[in-house]
Each structure stands twice: as C-alpha cells, then as structure tokens.
Amino acid sequence: MQPLIDNARTFGQRPEEFARLADGQSPEVLFITCSDSRVVPALITGARPGQLFELRTAGNIVPPYVSESPTGEAATIEYAVEVLGVRDVVVCGHSHCGAVGALVRGDDLDSVPAVRAWLAHAADEPTSVEPADAGDPTVARAVQHHVLAQLLRLRSYPCVEKRLADGRLRVRGWYYEVHTGAVREHRVDTDSFEAL
C-alpha cells in the first residue's frame, strides 16, 4: 500500500494538469471490462483523464436490462449513452479471467455466494469451444465467446438499441492478453478476434 500512498501524495502537485477536468467530462468511449487488477483500461488504451467512461464488473458481465429493477451497471450504461453521448462502447474480456474460468471449470462457488449469484448473470455460459480449453489457464476461446454474449446483451438495452439503429453508436468486442499485452478485436466479417 505504501507505494500507492506515496504516489497519491505527489499526484496532486500538478494542479495545472487537472484544472480543465473541473469543467466536466465528454468521453467518447464507454469501456466495459473486468474488475481484475491486471486489466487497466487507461494503460491499455493510453487514455488520459476524461477520455474513457469505465464500467468494471467481475467477469465484464453486462446484466440483463430490467426497467423495473435497475442495476448500477444499467444506470452507468444509460448515463454514458444518453447523457454523455459516447460514440463507442467496448466490452473487453481478458485472458486468465477467474470469473470465466470458474464457469468453464464448474468451480464450487458455495463459499462466495455473492460471486456465484453474480456469475449467474452471464448472458450465456461461456463453455469452452474445445474440451482442451478447460485446462487452458488463459481460457481464451471461452472468454471470447463470453465477450460476444455480453455484446448481445448490451445491444438489448433500449438506449443502446436506439443509438445503434440511428448510427450514433458502435459496439466493439475486445480480448486483452494479460501475459503479452496484445489486444484483439472481434471482426464481424471473419467472426474472429484479430489484432487491432
């Protein structure tokens, strides 16, 4: 913790770099990704403060949209799309994902009931494409399948559906390799994740 405290002490010593942020925010991208500490959206994208609106959830899960019972995730998506007017939404999964790995392996999650209940929100159980993937610590294919399932779920949100229809919004699926730093994007024409 001490290195983090040390950085926080010196961080505010450059007020001129942050003064413009008091005027408000106008990010162009909503970046939905996992809570995993190895996934740092600003580091991956090179974004500066104010450029990304972030939503981080365990397993980068986009829960179902239920208007009668809104979630913090739904509110974040709606705010980004309707109020901030983001032009792109990225759903970014990652290698070595504990949440997707637990689903693929069928881990016993009885000791973490909140996690078990949250993972039940996965839009489509991210089963492995090949049996060998269950033993692969990167769970690459399962994570990529999971990203696509979350994109489908995201498209069902009324605000997203409306903006996609009128061409004011694009959605993108990314896969980040924590062990190499490589980022791949899903290409609809080839139905595969390819290097950016």
# chains A, B, ... in the order shown; residues from 1 in each chain; ligands from 1
>>> closest_atom_pairs(of="stretch 51-138 of chain A", to="stretch 153-176 of chain A", cutoff="8 Å", atoms="only C-alpha atoms", output="tab-separated table")
residue	atom	partner	partner_atom	distance
A:Val62	CA	A:Leu154	CA	6.5
A:Pro63	CA	A:Arg153	CA	7.5
A:Pro64	CA	A:Arg153	CA	6.6
A:Tyr65	CA	A:Tyr157	CA	5.9
A:Glu78	CA	A:Cys159	CA	6.3
A:Val81	CA	A:Cys159	CA	6.7
A:Glu82	CA	A:Cys159	CA	6.8
A:Val86	CA	A:Leu169	CA	7.3
A:Arg87	CA	A:Leu169	CA	4.7
A:Asp88	CA	A:Arg170	CA	4.8
A:Val89	CA	A:Val171	CA	4.7
A:Val90	CA	A:Arg172	CA	4.7
A:Val91	CA	A:Gly173	CA	5.0
A:Cys92	CA	A:Trp174	CA	4.5
A:Gly93	CA	A:Tyr175	CA	4.9
A:His94	CA	A:Tyr176	CA	4.5
A:Ser95	CA	A:Tyr176	CA	6.3
A:Ala123	CA	A:Arg153	CA	6.5
>>> select_by_dssp(residues="chain A", states="strand (DSSP E or B)", output="PyMOL selection string")
chain A and resi 29-34+52-57+88-94+170-176+183-187+192-195
>>> closest_residue(among="A:Leu103, A:Leu152, A:Leu43, A:Leu55", to="A:Ile77", atoms="only C-alpha atoms")
A:Leu55
>>> closest_residue(among="A:Ile44, A:Arg141, A:Ser35, A:Ser26", to="A:Tyr79", atoms="only C-alpha atoms")
A:Ser26
>>> residues_around(residues="A:Arg38", least_positions_apart="4", cutoff="10 Å", atoms="only C-alpha atoms", output="list in words")
Cys34, His94, His96, Cys97, Glu177, Val178 and His179 of chain A
>>> write_last_selection(atoms="C-alpha atoms", output="tab-separated table (two decimals), in the first residue's frame")
chain	number	residue	atom	x	y	z
A	34	CYS	CA	-13.43	-6.91	-15.74
A	94	HIS	CA	-9.15	-10.83	-20.85
A	96	HIS	CA	-6.65	-15.72	-17.33
A	97	CYS	CA	-10.11	-14.48	-16.28
A	177	GLU	CA	-3.95	-10.91	-23.20
A	178	VAL	CA	-2.57	-10.11	-19.75
A	179	HIS	CA	0.55	-12.20	-20.39
>>> closest_residue(among="A:Thr45, A:Asn7, A:Thr33, A:Thr71", to="A:Thr57", atoms="only C-alpha atoms")
A:Thr33
>>> residues_around(residues="A:Glu194", least_positions_apart="5", cutoff="10 Å", atoms="only C-alpha atoms", output="list of chain:residue names")
A:Trp174, A:Tyr175, A:Val183, A:Arg184, A:Glu185, A:His186, A:Arg187
>>> closest_residue(among="A:Glu54, A:Asp108, A:Glu17, A:Glu28", to="A:Val40", atoms="only C-alpha atoms")
A:Glu54
>>> select_by_dssp(residues="stretch 113-194 of chain A", states="alpha helix (DSSP H)", output="JSON, numbers by chain")
{"A": [113, 114, 115, 116, 117, 118, 119, 140, 141, 142, 143, 144, 145, 146, 147, 148, 149, 150, 151, 152, 153, 154, 155, 158, 159, 160, 161, 162, 163, 164, 165]}
>>> atom_distance(atom1="atom CA of A:Leu109", atom2="atom CA of A:Glu73")
22.6 Å
>>> closest_residue(among="A:Ser192, A:Thr10, A:Gln25, A:Thr180", to="A:Gln51", atoms="only C-alpha atoms")
A:Gln25
